[in-house]
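Okay, work_18.cif is below, mmCIF, C-alpha atoms:
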```cif
data_protein
#
loop_
_atom_site.label_atom_id
_atom_site.label_comp_id
_atom_site.auth_asym_id
_atom_site.auth_seq_id
_atom_site.Cartn_x
_atom_site.Cartn_y
_atom_site.Cartn_z
CA MET W 1 71.73 26.04 14.07
CA SER W 2 70.61 29.68 14.20
CA LYS W 3 67.30 30.48 12.50
CA LEU W 4 65.56 33.71 11.64
CA LEU W 5 62.04 34.29 10.35
CA ILE W 6 60.90 37.69 9.06
CA LYS W 7 57.10 37.75 8.67
CA ASN W 8 54.39 40.17 7.52
CA ILE W 9 56.87 41.94 5.23
CA LYS W 10 55.08 44.76 3.39
CA GLU W 11 57.27 44.12 0.33
CA LEU W 12 60.20 41.74 -0.16
CA VAL W 13 62.38 43.39 -2.80
CA GLN W 14 64.71 41.93 -5.45
CA VAL W 15 63.49 38.33 -5.22
CA GLU W 16 64.73 35.68 -7.64
CA SER W 17 63.63 32.09 -8.16
CA THR W 18 66.34 31.60 -10.78
CA PRO W 19 69.24 33.94 -10.00
CA LYS W 20 70.64 36.04 -12.85
CA GLU W 21 74.20 37.27 -13.21
CA ASN W 22 73.09 40.86 -13.79
CA VAL W 23 70.29 42.96 -15.25
CA THR W 24 70.77 44.88 -18.51
CA GLY W 25 69.17 47.70 -20.48
CA ALA W 26 65.37 47.85 -20.36
CA GLU W 27 65.32 44.93 -17.87
CA MET W 28 66.70 47.30 -15.25
CA LYS W 29 63.28 48.99 -15.03
CA ALA W 30 61.79 45.77 -13.61
CA LEU W 31 62.27 44.94 -9.94
CA PRO W 32 60.74 41.65 -8.80
CA THR W 33 59.04 41.84 -5.40
CA ILE W 34 56.58 39.93 -3.23
CA LYS W 35 53.99 41.83 -1.19
CA ASP W 36 52.86 40.61 2.23
CA ALA W 37 55.78 38.20 2.39
CA TRP W 38 57.89 36.08 4.71
CA LEU W 39 61.58 35.15 4.60
CA ALA W 40 63.39 32.30 6.37
CA VAL W 41 67.11 32.17 7.16
CA GLU W 42 69.22 29.36 8.59
CA ASP W 43 72.87 29.67 9.56
CA GLY W 44 73.25 32.90 7.61
CA ILE W 45 71.73 31.58 4.37
CA ILE W 46 68.32 32.33 2.82
CA VAL W 47 66.40 29.02 2.80
CA ASP W 48 62.89 30.03 1.75
CA PHE W 49 60.46 32.89 1.17
CA GLY W 50 56.99 33.54 -0.18
CA GLU W 51 53.60 35.15 0.36
CA MET W 52 52.06 35.07 3.84
CA ASP W 53 48.82 33.50 2.59
CA GLU W 54 50.81 30.69 1.00
CA TRP W 55 52.77 30.07 4.17
CA GLY W 56 54.74 26.86 3.79
CA GLY W 57 55.55 26.93 7.45
CA ILE W 58 58.53 26.40 9.66
CA THR W 59 58.27 22.92 11.11
CA ASP W 60 60.99 23.31 13.72
CA TRP W 61 60.41 26.48 15.78
CA SER W 62 63.21 25.79 18.27
CA ASP W 63 66.02 28.36 18.42
CA LEU W 64 64.03 30.58 16.05
CA GLU W 65 64.15 34.37 16.16
CA VAL W 66 61.06 36.04 14.70
CA ILE W 67 60.85 39.60 13.37
CA ASP W 68 57.46 41.11 12.57
CA ALA W 69 58.06 43.50 9.65
CA SER W 70 54.50 44.81 9.32
CA GLY W 71 54.51 47.96 7.19
CA GLN W 72 58.21 47.54 6.45
CA MET W 73 60.19 46.46 3.41
CA VAL W 74 63.12 44.03 3.16
CA PHE W 75 65.95 44.54 0.67
CA PRO W 76 69.21 42.71 -0.03
CA SER W 77 72.08 44.79 1.32
CA PHE W 78 73.80 47.21 -1.00
CA CYS W 79 77.07 46.09 -2.55
CA ASP W 80 79.55 48.97 -2.84
CA SER W 81 82.01 47.85 -5.51
CA HIS W 82 84.32 50.89 -5.55
CA THR W 83 85.79 52.46 -2.40
CA HIS W 84 89.09 53.70 -0.99
CA ILE W 85 88.07 53.39 2.68
CA VAL W 86 91.61 52.82 4.01
CA TYR W 87 93.33 56.22 4.13
CA ALA W 88 95.37 58.27 6.56
CA ALA W 89 93.62 61.63 6.80
CA SER W 90 90.87 63.78 5.39
CA ARG W 91 91.57 66.42 2.73
CA GLU W 92 89.13 69.20 3.49
CA GLU W 93 91.79 71.79 2.58
CA GLU W 94 91.36 70.67 -1.04
CA PHE W 95 87.61 71.06 -0.66
CA VAL W 96 88.29 74.70 0.19
CA ASP W 97 90.69 74.98 -2.78
CA ARG W 98 87.90 73.87 -5.10
CA ILE W 99 85.51 76.38 -3.56
CA ASN W 100 88.14 78.99 -4.40
CA GLY W 101 88.23 77.91 -8.03
CA LEU W 102 90.99 75.30 -8.38
CA THR W 103 90.28 72.20 -10.48
CA TYR W 104 91.02 68.60 -9.47
CA GLU W 105 93.98 68.58 -11.89
CA GLU W 106 95.33 71.92 -10.57
CA ILE W 107 95.17 70.65 -6.99
CA ALA W 108 97.04 67.49 -8.04
CA LYS W 109 99.77 69.52 -9.76
CA LYS W 110 100.48 71.48 -6.57
CA GLY W 111 100.96 68.32 -4.51
CA GLY W 112 97.37 67.61 -3.58
CA GLY W 113 95.14 64.77 -4.62
CA ILE W 114 96.32 61.19 -4.51
CA LEU W 115 99.93 62.21 -3.79
CA ASN W 116 98.73 64.17 -0.75
CA SER W 117 97.05 61.06 0.65
CA ALA W 118 100.14 58.97 -0.13
CA LYS W 119 102.36 61.38 1.80
CA LYS W 120 100.07 61.26 4.84
CA LEU W 121 99.83 57.48 4.72
CA GLN W 122 103.60 56.97 4.86
CA ASN W 123 103.64 58.39 8.40
CA THR W 124 100.55 56.57 9.66
CA SER W 125 100.79 53.26 11.50
CA GLU W 126 98.97 50.14 10.41
CA GLU W 127 97.03 50.20 13.67
CA ASP W 128 95.80 53.76 13.13
CA LEU W 129 94.84 52.98 9.54
CA PHE W 130 92.85 49.98 10.74
CA ASN W 131 91.06 51.88 13.51
CA ASP W 132 90.05 54.74 11.23
CA ALA W 133 88.89 52.39 8.46
CA TRP W 134 86.92 50.36 11.00
CA LYS W 135 84.91 53.45 11.92
CA ARG W 136 84.12 54.03 8.26
CA LEU W 137 83.00 50.42 7.83
CA GLU W 138 80.67 50.78 10.80
CA GLU W 139 79.33 53.98 9.24
CA ILE W 140 78.51 52.40 5.86
CA LYS W 141 77.03 49.34 7.56
CA LYS W 142 74.40 51.57 9.17
CA THR W 143 73.33 52.90 5.75
CA GLY W 144 72.66 49.46 4.30
CA THR W 145 75.94 48.33 2.76
CA GLY W 146 76.60 44.63 3.31
CA ALA W 147 79.50 44.06 0.92
CA VAL W 148 82.31 46.42 -0.02
CA GLU W 149 85.40 46.48 -2.19
CA ILE W 150 88.36 48.39 -0.70
CA LYS W 151 91.25 49.57 -2.86
CA SER W 152 94.85 50.32 -1.97
CA GLY W 153 96.54 53.09 -3.94
CA TYR W 154 97.52 55.66 -1.33
CA GLY W 155 100.79 53.91 -0.51
CA LEU W 156 102.57 54.34 -3.86
CA SER W 157 105.59 52.50 -2.45
CA VAL W 158 106.28 48.88 -1.61
CA GLU W 159 105.92 49.53 2.11
CA GLY W 160 102.87 51.78 1.80
CA GLU W 161 100.87 49.58 -0.57
CA LEU W 162 101.54 46.44 1.45
CA LYS W 163 100.59 48.27 4.64
CA MET W 164 97.23 49.18 3.13
CA LEU W 165 96.56 45.68 1.83
CA ARG W 166 97.43 44.13 5.20
CA VAL W 167 94.97 46.50 6.85
CA ILE W 168 92.29 45.46 4.35
CA LYS W 169 93.07 41.79 5.07
CA LYS W 170 92.63 42.42 8.79
CA LEU W 171 89.34 44.22 8.13
CA LYS W 172 88.18 41.19 6.14
CA GLU W 173 88.92 38.94 9.09
CA LYS W 174 87.24 41.14 11.72
CA SER W 175 84.22 42.72 10.00
CA GLU W 176 80.70 41.33 9.57
CA LEU W 177 80.71 42.89 6.10
CA THR W 178 81.78 40.93 3.04
CA ILE W 179 85.02 42.62 1.91
CA LYS W 180 87.06 42.32 -1.28
CA ALA W 181 90.60 43.74 -1.60
CA ASN W 182 91.77 45.60 -4.70
CA PHE W 183 95.45 46.30 -5.41
CA LEU W 184 95.65 49.77 -6.97
CA GLY W 185 99.37 50.43 -6.77
CA ALA W 186 99.02 52.12 -10.18
CA HIS W 187 96.83 54.92 -8.81
CA ALA W 188 99.26 57.77 -9.57
CA ILE W 189 102.95 58.14 -10.38
CA PRO W 190 104.90 58.92 -7.16
CA THR W 191 106.84 62.19 -7.15
CA LYS W 192 110.23 60.44 -7.00
CA TYR W 193 109.37 58.49 -10.18
CA LYS W 194 108.02 61.39 -12.26
CA GLN W 195 111.04 61.12 -14.56
CA ASN W 196 111.13 57.33 -14.40
CA ARG W 197 107.61 56.04 -14.92
CA LYS W 198 108.87 52.66 -16.09
CA GLY W 199 110.88 52.33 -12.89
CA TYR W 200 107.73 52.61 -10.74
CA ILE W 201 105.78 50.20 -12.93
CA ASP W 202 108.68 47.74 -12.65
CA LEU W 203 108.48 48.18 -8.86
CA ILE W 204 104.77 47.27 -8.92
CA ILE W 205 105.34 44.22 -11.10
CA ASN W 206 108.63 42.89 -9.73
CA GLU W 207 108.39 43.73 -6.02
CA MET W 208 104.81 44.42 -4.94
CA ILE W 209 102.93 41.76 -6.90
CA PRO W 210 105.10 38.79 -5.80
CA ILE W 211 104.53 39.71 -2.13
CA ILE W 212 100.82 40.20 -2.73
CA LYS W 213 100.72 36.70 -4.18
CA SER W 214 102.71 35.11 -1.34
CA GLU W 215 100.55 36.73 1.37
CA SER W 216 97.20 36.45 -0.53
CA LEU W 217 96.60 40.18 -0.04
CA ALA W 218 94.30 41.02 -2.96
CA ASP W 219 91.39 39.78 -5.03
CA TYR W 220 91.64 42.35 -7.84
CA ILE W 221 94.25 44.30 -9.81
CA ASP W 222 93.38 47.87 -10.83
CA VAL W 223 94.87 50.89 -12.66
CA PHE W 224 93.90 54.55 -13.03
CA CYS W 225 94.10 54.83 -16.83
CA GLU W 226 93.71 58.55 -17.46
CA THR W 227 95.49 61.59 -18.89
CA ASN W 228 98.36 62.56 -16.52
CA TYR W 229 98.15 59.17 -14.76
CA TYR W 230 98.66 55.85 -16.63
CA THR W 231 98.58 55.35 -20.40
CA PRO W 232 96.63 52.45 -21.93
CA GLU W 233 99.91 50.66 -22.66
CA GLU W 234 101.10 51.07 -19.06
CA ALA W 235 97.73 50.01 -17.72
CA GLU W 236 97.72 46.84 -19.77
CA ARG W 237 101.19 45.89 -18.56
CA VAL W 238 100.12 46.25 -14.91
CA LEU W 239 96.82 44.42 -15.39
CA GLN W 240 98.50 41.49 -17.12
CA ALA W 241 101.05 41.18 -14.31
CA GLY W 242 98.18 40.92 -11.83
CA ILE W 243 96.25 38.49 -14.01
CA ALA W 244 99.35 36.28 -14.13
CA ILE W 245 99.12 35.68 -10.35
CA GLY W 246 95.35 35.12 -10.40
CA LEU W 247 94.06 38.62 -9.65
CA ILE W 248 90.85 39.71 -11.40
CA PRO W 249 91.27 42.94 -13.41
CA LYS W 250 89.27 46.14 -12.91
CA ILE W 251 90.11 49.60 -14.23
CA HIS W 252 89.48 53.32 -13.50
CA VAL W 253 88.71 54.96 -16.86
CA ASN W 254 87.15 57.97 -18.59
CA GLN W 255 86.90 60.24 -15.56
CA PHE W 256 88.22 63.26 -17.45
CA THR W 257 89.16 61.99 -20.91
CA SER W 258 88.58 59.00 -23.18
CA ILE W 259 92.04 57.62 -24.05
CA GLY W 260 91.42 53.93 -24.70
CA GLY W 261 91.22 52.63 -21.14
CA ILE W 262 87.83 51.01 -21.68
CA GLN W 263 89.26 49.03 -24.57
CA VAL W 264 92.16 47.87 -22.37
CA GLY W 265 89.65 46.71 -19.77
CA ILE W 266 87.58 44.82 -22.34
CA LYS W 267 90.66 43.21 -23.93
CA ASN W 268 91.80 41.94 -20.52
CA ASN W 269 88.34 40.73 -19.42
CA ALA W 270 88.01 43.29 -16.64
CA LEU W 271 85.17 42.67 -14.22
CA SER W 272 84.23 46.35 -14.35
CA VAL W 273 85.21 49.69 -15.86
CA ASP W 274 84.68 52.47 -13.33
CA HIS W 275 83.91 56.22 -13.52
CA LEU W 276 82.83 56.77 -17.18
CA GLU W 277 82.01 60.46 -16.80
CA VAL W 278 83.34 61.08 -20.33
CA MET W 279 82.11 58.60 -22.93
CA GLU W 280 82.57 58.46 -26.70
CA GLU W 281 80.16 56.53 -28.91
CA GLN W 282 82.90 53.97 -29.69
CA ASP W 283 83.34 53.33 -25.95
CA ILE W 284 79.67 52.46 -25.66
CA GLN W 285 79.65 50.25 -28.74
CA ASP W 286 82.70 48.36 -27.48
CA LEU W 287 81.08 47.81 -24.07
CA ILE W 288 77.93 46.45 -25.71
CA LYS W 289 80.02 43.63 -27.20
CA SER W 290 81.62 42.76 -23.83
CA ASP W 291 80.71 41.27 -20.45
CA VAL W 292 82.29 44.18 -18.54
CA MET W 293 80.15 46.00 -15.96
CA PRO W 294 80.00 49.81 -16.38
CA THR W 295 80.27 51.27 -12.88
CA LEU W 296 79.18 54.85 -12.20
CA LEU W 297 80.10 57.07 -9.26
CA PRO W 298 77.61 59.96 -9.05
CA SER W 299 78.74 61.30 -5.67
CA CYS W 300 82.21 61.90 -7.19
CA SER W 301 80.62 64.09 -9.87
CA PHE W 302 78.52 65.80 -7.19
CA PHE W 303 81.51 66.58 -4.95
CA LEU W 304 83.98 67.61 -7.67
CA GLY W 305 81.47 69.42 -9.84
CA ILE W 306 82.49 67.41 -12.91
CA PRO W 307 80.07 66.01 -15.53
CA TYR W 308 77.81 63.13 -14.56
CA ALA W 309 78.24 59.88 -16.48
CA PRO W 310 75.70 59.37 -19.31
CA ALA W 311 73.80 56.64 -17.45
CA ARG W 312 70.61 57.03 -19.46
CA ARG W 313 72.56 56.66 -22.70
CA LEU W 314 74.28 53.51 -21.43
CA ILE W 315 71.09 51.84 -20.21
CA ASP W 316 69.10 52.81 -23.30
CA SER W 317 71.89 51.23 -25.38
CA GLY W 318 71.14 47.92 -23.69
CA LEU W 319 73.98 47.97 -21.17
CA PRO W 320 73.87 47.13 -17.46
CA VAL W 321 74.92 49.81 -14.98
CA CYS W 322 76.35 49.51 -11.47
CA LEU W 323 76.36 52.28 -8.84
CA ALA W 324 79.09 52.70 -6.20
CA THR W 325 80.22 55.43 -3.80
CA ASP W 326 83.95 55.91 -4.55
CA PHE W 327 84.33 56.64 -0.81
CA ASN W 328 87.73 58.38 -0.51
CA PRO W 329 89.20 61.48 1.18
CA GLY W 330 89.70 63.59 -1.94
CA SER W 331 86.80 63.29 -4.36
CA THR W 332 84.03 61.51 -2.41
CA PRO W 333 84.29 61.66 1.39
CA SER W 334 81.09 59.64 1.87
CA GLY W 335 80.16 55.98 1.68
CA ASN W 336 76.43 56.61 1.85
CA MET W 337 74.80 54.34 -0.76
CA PRO W 338 71.25 55.71 -0.28
CA PHE W 339 72.57 59.16 -1.22
CA VAL W 340 74.15 57.62 -4.33
CA LEU W 341 70.73 56.23 -5.27
CA SER W 342 69.18 59.69 -4.86
CA LEU W 343 71.88 61.32 -6.99
CA ALA W 344 71.40 58.68 -9.70
CA CYS W 345 67.67 59.33 -9.86
CA ILE W 346 68.08 63.11 -9.85
CA ASN W 347 71.12 63.54 -12.11
CA TYR W 348 71.22 60.36 -14.19
CA LYS W 349 67.40 60.22 -14.56
CA MET W 350 67.45 56.58 -13.51
CA THR W 351 64.21 55.18 -12.11
CA PRO W 352 63.97 53.91 -8.50
CA GLU W 353 63.84 50.34 -9.81
CA GLU W 354 66.96 50.91 -11.91
CA VAL W 355 68.97 52.32 -9.01
CA VAL W 356 68.06 49.37 -6.78
CA ASN W 357 69.15 46.94 -9.51
CA ALA W 358 72.35 48.94 -10.01
CA SER W 359 73.26 48.88 -6.32
CA THR W 360 72.36 45.26 -5.56
CA ILE W 361 72.41 42.61 -8.29
CA ASN W 362 74.60 44.54 -10.76
CA ALA W 363 76.90 45.72 -7.98
CA SER W 364 77.34 42.15 -6.77
CA TYR W 365 78.40 41.24 -10.33
CA ALA W 366 80.93 44.10 -10.29
CA MET W 367 82.39 42.57 -7.11
CA GLY W 368 82.37 39.01 -8.44
CA ILE W 369 80.01 37.86 -5.67
CA ASN W 370 76.71 37.62 -7.57
CA LYS W 371 76.33 33.93 -6.74
CA THR W 372 76.07 34.76 -3.03
CA HIS W 373 74.93 38.40 -2.82
CA GLY W 374 72.79 41.03 -4.52
CA SER W 375 69.30 39.49 -4.38
CA ILE W 376 66.83 37.54 -2.28
CA ALA W 377 67.31 33.98 -3.51
CA ILE W 378 67.48 30.58 -1.88
CA GLY W 379 71.09 29.70 -1.12
CA LYS W 380 72.35 33.29 -1.04
CA LYS W 381 73.86 34.96 1.99
CA ALA W 382 71.34 36.66 4.28
CA ASN W 383 72.77 40.18 4.11
CA LEU W 384 69.64 42.30 4.31
CA PHE W 385 68.12 45.43 5.70
CA ILE W 386 64.61 46.08 6.96
CA THR W 387 63.24 49.56 6.43
CA LYS W 388 61.13 51.62 8.75
CA GLU W 389 57.50 51.92 7.71
CA ILE W 390 57.79 53.55 4.27
CA SER W 391 55.27 54.08 1.50
CA SER W 392 57.12 52.72 -1.53
CA ILE W 393 60.46 51.77 -3.08
CA ALA W 394 60.64 55.25 -4.62
CA PHE W 395 60.59 56.77 -1.12
CA ILE W 396 64.21 55.67 -0.62
CA PRO W 397 65.85 57.83 -3.32
CA TYR W 398 63.16 60.50 -2.86
CA SER W 399 63.90 61.04 0.84
CA PHE W 400 67.59 61.87 0.40
CA GLY W 401 69.36 62.40 3.71
CA SER W 402 66.73 60.48 5.69
CA ASN W 403 67.55 57.39 7.71
CA PHE W 404 64.97 54.90 6.45
CA ILE W 405 66.63 51.72 7.80
CA LYS W 406 65.34 50.09 10.98
CA THR W 407 67.25 46.79 11.14
CA ILE W 408 70.51 45.56 9.57
CA ILE W 409 71.00 41.80 9.11
CA LEU W 410 74.44 40.48 8.19
CA ASN W 411 75.24 36.80 7.82
CA GLY W 412 71.74 36.03 9.08
CA LYS W 413 72.15 37.90 12.36
CA ILE W 414 70.93 41.28 13.52
CA ALA W 415 73.92 43.61 13.44
CA ASN W 416 74.65 46.17 16.11
#
```
Please render this file's structure as structure tokens.
Amino acid sequence: MSKLLIKNIKELVQVESTPKENVTGAEMKALPTIKDAWLAVEDGIIVDFGEMDEWGGITDWSDLEVIDASGQMVFPSFCDSHTHIVYAASREEEFVDRINGLTYEEIAKKGGGILNSAKKLQNTSEEDLFNDAWKRLEEIKKTGTGAVEIKSGYGLSVEGELKMLRVIKKLKEKSELTIKANFLGAHAIPTKYKQNRKGYIDLIINEMIPIIKSESLADYIDVFCETNYYTPEEAERVLQAGIAIGLIPKIHVNQFTSIGGIQVGIKNNALSVDHLEVMEEQDIQDLIKSDVMPTLLPSCSFFLGIPYAPARRLIDSGLPVCLATDFNPGSTPSGNMPFVLSLACINYKMTPEEVVNASTINASYAMGINKTHGSIAIGKKANLFITKEISSIAFIPYSFGSNFIKTIILNGKIAN
């Protein structure tokens, strides 16, 4: 049995005696903590915690590793519920196009965007995809992410999508991070199917999904429901085909327009609706009556120069909010969760407590792992990080670009 004790913690953040599924509305402003605390871990699981002056004690000190966290804070690891980490190549040429005035839609129409990544992926081996994605996983691990969802969607063919999902499965097996796989075959319409949209959707449903089921390649089914991508009717057909084989639905919606995608997500009990840069009042009212997690991606807005999601409006309406990176080569080439927290405070006007809730407990809900991740609670997985000596919780989003993490702990062990 491996045991770990962290003592003299300046502040133990996001503690729960009775774990909640998520935190909503005004509750997001509250962040439960214990000052001058200790935390005990056995075999990768949190077994106890409390105040130093109420030390319950470890009776068996054999095989015990002790960390003195004087002046430092301990947080549950970030959960990044929306990424596209497996991809073939960067797209900095499109970055230059945007500098020169082209919009995201204009770049897509000239062969850029998702179709550009799909073209590059066709000629990239599974081994190269794995090696490149591994480097990105190691990168996000160092910035505090302990759980991540990875989407397919740059294959846009039977061979390409399965190649991506097999890479994600291999990453799951090899990485210390908790990883969930999302099948996003309906990310864009491939060029060869532009005049036969139904033909590509049939390919997803009749050829890709049966193989995904037989090889257990995905946890979620997803669709990009947006103008010039998939209609609400098409999105529902794809989601229901995934649901039929046991995949949990999620959906990209309202990045540029509000066309009914949120309602499709709600109707099909989606775990989350992601992007939400453009929101109508009806969208918000419909979400209030659902259990769907609104997931916001501020670094996508930052990089593309598109509107930021109305986070304040959502939270003040009583909704929960999740934050994720959208790490991908075209619209967000970064998986840095601390930067996402900074952007959310600056551009969404979320408080430091709200952004921590949005990136831990609410993000674990958006990944379907809230029973094991997202907070400091007895019985949950010990995916944590210990900060350097910092003055307050607010210092994290305030000090954007700074490396405030001293120690990463995954599965109860100090990570390299």
(message) Report, in Å with one decimal, the straight-line distance from CA of Lys20 (chain W) to CA of Ser272 (chain W).
(response) 17.1 Å
(request) Might you spell out which residues the PyMOL selection byres ((chain W and resi 335-351) around 9) would select in the displayed file, as JSON, numbers by chain? (result) {"W": [28, 29, 78, 79, 80, 83, 85, 136, 137, 139, 140, 143, 144, 145, 297, 298, 299, 302, 308, 309, 310, 311, 312, 315, 323, 324, 325, 326, 327, 328, 332, 333, 334, 352, 353, 354, 355, 356, 358, 359, 394, 396, 397, 398, 399, 400, 401, 402, 403]}
(request) Expand the PyMOL selection byres ((chain W and resi 47) around 10) into the individual residues it matches in the shown file, reporting them as a ChimeraX atom specification. (result) /W:3,39-46,48-49,376-382
(request) Any chance you could resolve the PyMOL selection byres ((chain W and resi 406) around 6) against this file and give the residues as a list in words? (result) Ile386, Thr387, Lys388, Ile405 and Thr407 of chain W
(request) Would you list the contacts of Gly242 (chain W) as JSON, numbers by chain, taking every protein, DNA or RNA residue within 10 Å and counting all atoms listed in the file, but skipping same-chain residues closer than 6 positions in sequence? (result) {"W": [183, 204, 205, 209, 210, 212, 213, 218, 219, 220, 221, 222, 236, 248, 249]}
Just write the chosen residues, C-alpha atoms, as a short mmCIF file (atom, residue, chain, number, x, y, z; two decimals), in the frame of the given file.
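And here is the file that came out, again-v1.cif:
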```
data_model
loop_
_atom_site.label_atom_id
_atom_site.label_comp_id
_atom_site.auth_asym_id
_atom_site.auth_seq_id
_atom_site.Cartn_x
_atom_site.Cartn_y
_atom_site.Cartn_z
CA PHE W 183 95.45 46.30 -5.41
CA ILE W 204 104.77 47.27 -8.92
CA ILE W 205 105.34 44.22 -11.10
CA ILE W 209 102.93 41.76 -6.90
CA PRO W 210 105.10 38.79 -5.80
CA ILE W 212 100.82 40.20 -2.73
CA LYS W 213 100.72 36.70 -4.18
CA ALA W 218 94.30 41.02 -2.96
CA ASP W 219 91.39 39.78 -5.03
CA TYR W 220 91.64 42.35 -7.84
CA ILE W 221 94.25 44.30 -9.81
CA ASP W 222 93.38 47.87 -10.83
CA GLU W 236 97.72 46.84 -19.77
CA ILE W 248 90.85 39.71 -11.40
CA PRO W 249 91.27 42.94 -13.41
#
```
Closest contacts (region 236-316 of chain W/region 101-125 of chain W, max 12 Å, only C-alpha atoms) as a tab-separated table:
```
residue	atom	partner	partner_atom	distance
W:Gln255	CA	W:Tyr104	CA	11.1
W:Phe256	CA	W:Glu105	CA	9.6
W:Cys300	CA	W:Tyr104	CA	11.3
W:Ser301	CA	W:Tyr104	CA	11.3
W:Phe303	CA	W:Tyr104	CA	10.7
W:Leu304	CA	W:Tyr104	CA	7.3
W:Gly305	CA	W:Thr103	CA	9.3
W:Ile306	CA	W:Tyr104	CA	9.3
```
Selection to disk with C-alpha atoms, as a PDB file, in the frame of the given file:
```pdb
ATOM      1  CA  GLN W 255      86.900  60.240 -15.560  1.00  0.00           C
ATOM      2  CA  PHE W 256      88.220  63.260 -17.450  1.00  0.00           C
ATOM      3  CA  CYS W 300      82.210  61.900  -7.190  1.00  0.00           C
ATOM      4  CA  SER W 301      80.620  64.090  -9.870  1.00  0.00           C
ATOM      5  CA  PHE W 303      81.510  66.580  -4.950  1.00  0.00           C
ATOM      6  CA  LEU W 304      83.980  67.610  -7.670  1.00  0.00           C
ATOM      7  CA  GLY W 305      81.470  69.420  -9.840  1.00  0.00           C
ATOM      8  CA  ILE W 306      82.490  67.410 -12.910  1.00  0.00           C
TER       9      ILE W 306
END
```
(request) Determine the nearest neighbour of Lys250 (chain W) from the options W:Ala235, W:Ile150, W:Leu271, W:Ile179, counting only C-alpha atoms. (result)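 When distances to Lys250 (chain W) are compared using only C-alpha atoms, the smallest one comes from W:Leu271.
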(request) Would you mind listing what lies within 10 Å of Asp286 (chain W) as a list in words, with all atoms listed in the file counted and same-chain residues fewer than 6 positions away left out? (result)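 Neighbouring residues, sequence-local ones excluded: Ile262, Gln263, Ile266 and Val292 of chain W.
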(request) Find, counting all atoms listed in the file, the residue in W:Asn357, W:Ser375, W:Ser70, W:Ser175 that gets nearest to Lys141 (chain W). (result)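 Of the candidates, the smallest distance to Lys141 (chain W) is held by W:Ser175.
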(request) Just give me the gap between CA of Glu93 (chain W) and CA of Ser331 (chain W) in Å, one decimal is fine. (result)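 Taking CA of Glu93 (chain W) as the start and CA of Ser331 (chain W) as the end point, the length is 12.1 Å.
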(request) Would you mind reading off the distance between CA of Thr360 (chain W) and CA of Phe75 (chain W), one decimal, in Å? (result)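 A separation of 9.0 Å between them.
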Since the input lacks some atoms of region 274-286 of chain W, please model N, CA and C atoms and print them as a short mmCIF file (atom, residue, chain, number, x, y, z; two decimals), in the coordinates of the input.
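Okay, this is what ended up in part04.cif:
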```cif
data_model
loop_
_atom_site.label_atom_id
_atom_site.label_comp_id
_atom_site.auth_asym_id
_atom_site.auth_seq_id
_atom_site.Cartn_x
_atom_site.Cartn_y
_atom_site.Cartn_z
N ASP W 274 85.27 51.59 -14.32
CA ASP W 274 84.68 52.47 -13.33
C ASP W 274 84.96 53.95 -13.59
N HIS W 275 83.99 54.76 -13.37
CA HIS W 275 83.91 56.22 -13.52
C HIS W 275 83.04 56.56 -14.73
N LEU W 276 83.59 56.61 -15.93
CA LEU W 276 82.83 56.77 -17.18
C LEU W 276 82.10 58.11 -17.29
N GLU W 277 82.65 59.14 -16.67
CA GLU W 277 82.01 60.46 -16.80
C GLU W 277 82.08 60.99 -18.23
N VAL W 278 83.15 60.63 -18.95
CA VAL W 278 83.34 61.08 -20.33
C VAL W 278 83.29 59.85 -21.24
N MET W 279 82.28 59.78 -22.08
CA MET W 279 82.11 58.60 -22.93
C MET W 279 81.95 58.98 -24.40
N GLU W 280 82.73 58.32 -25.26
CA GLU W 280 82.57 58.46 -26.70
C GLU W 280 81.66 57.34 -27.21
N GLU W 281 81.07 57.54 -28.36
CA GLU W 281 80.16 56.53 -28.91
C GLU W 281 80.87 55.19 -29.10
N GLN W 282 82.15 55.22 -29.49
CA GLN W 282 82.90 53.97 -29.69
C GLN W 282 83.06 53.22 -28.37
N ASP W 283 83.24 53.97 -27.27
CA ASP W 283 83.34 53.33 -25.95
C ASP W 283 82.08 52.53 -25.65
N ILE W 284 80.94 53.12 -25.93
CA ILE W 284 79.67 52.46 -25.66
C ILE W 284 79.50 51.22 -26.55
N GLN W 285 79.80 51.38 -27.82
CA GLN W 285 79.65 50.25 -28.74
C GLN W 285 80.57 49.09 -28.36
N ASP W 286 81.77 49.41 -27.91
CA ASP W 286 82.70 48.36 -27.48
C ASP W 286 82.20 47.66 -26.21
#
```
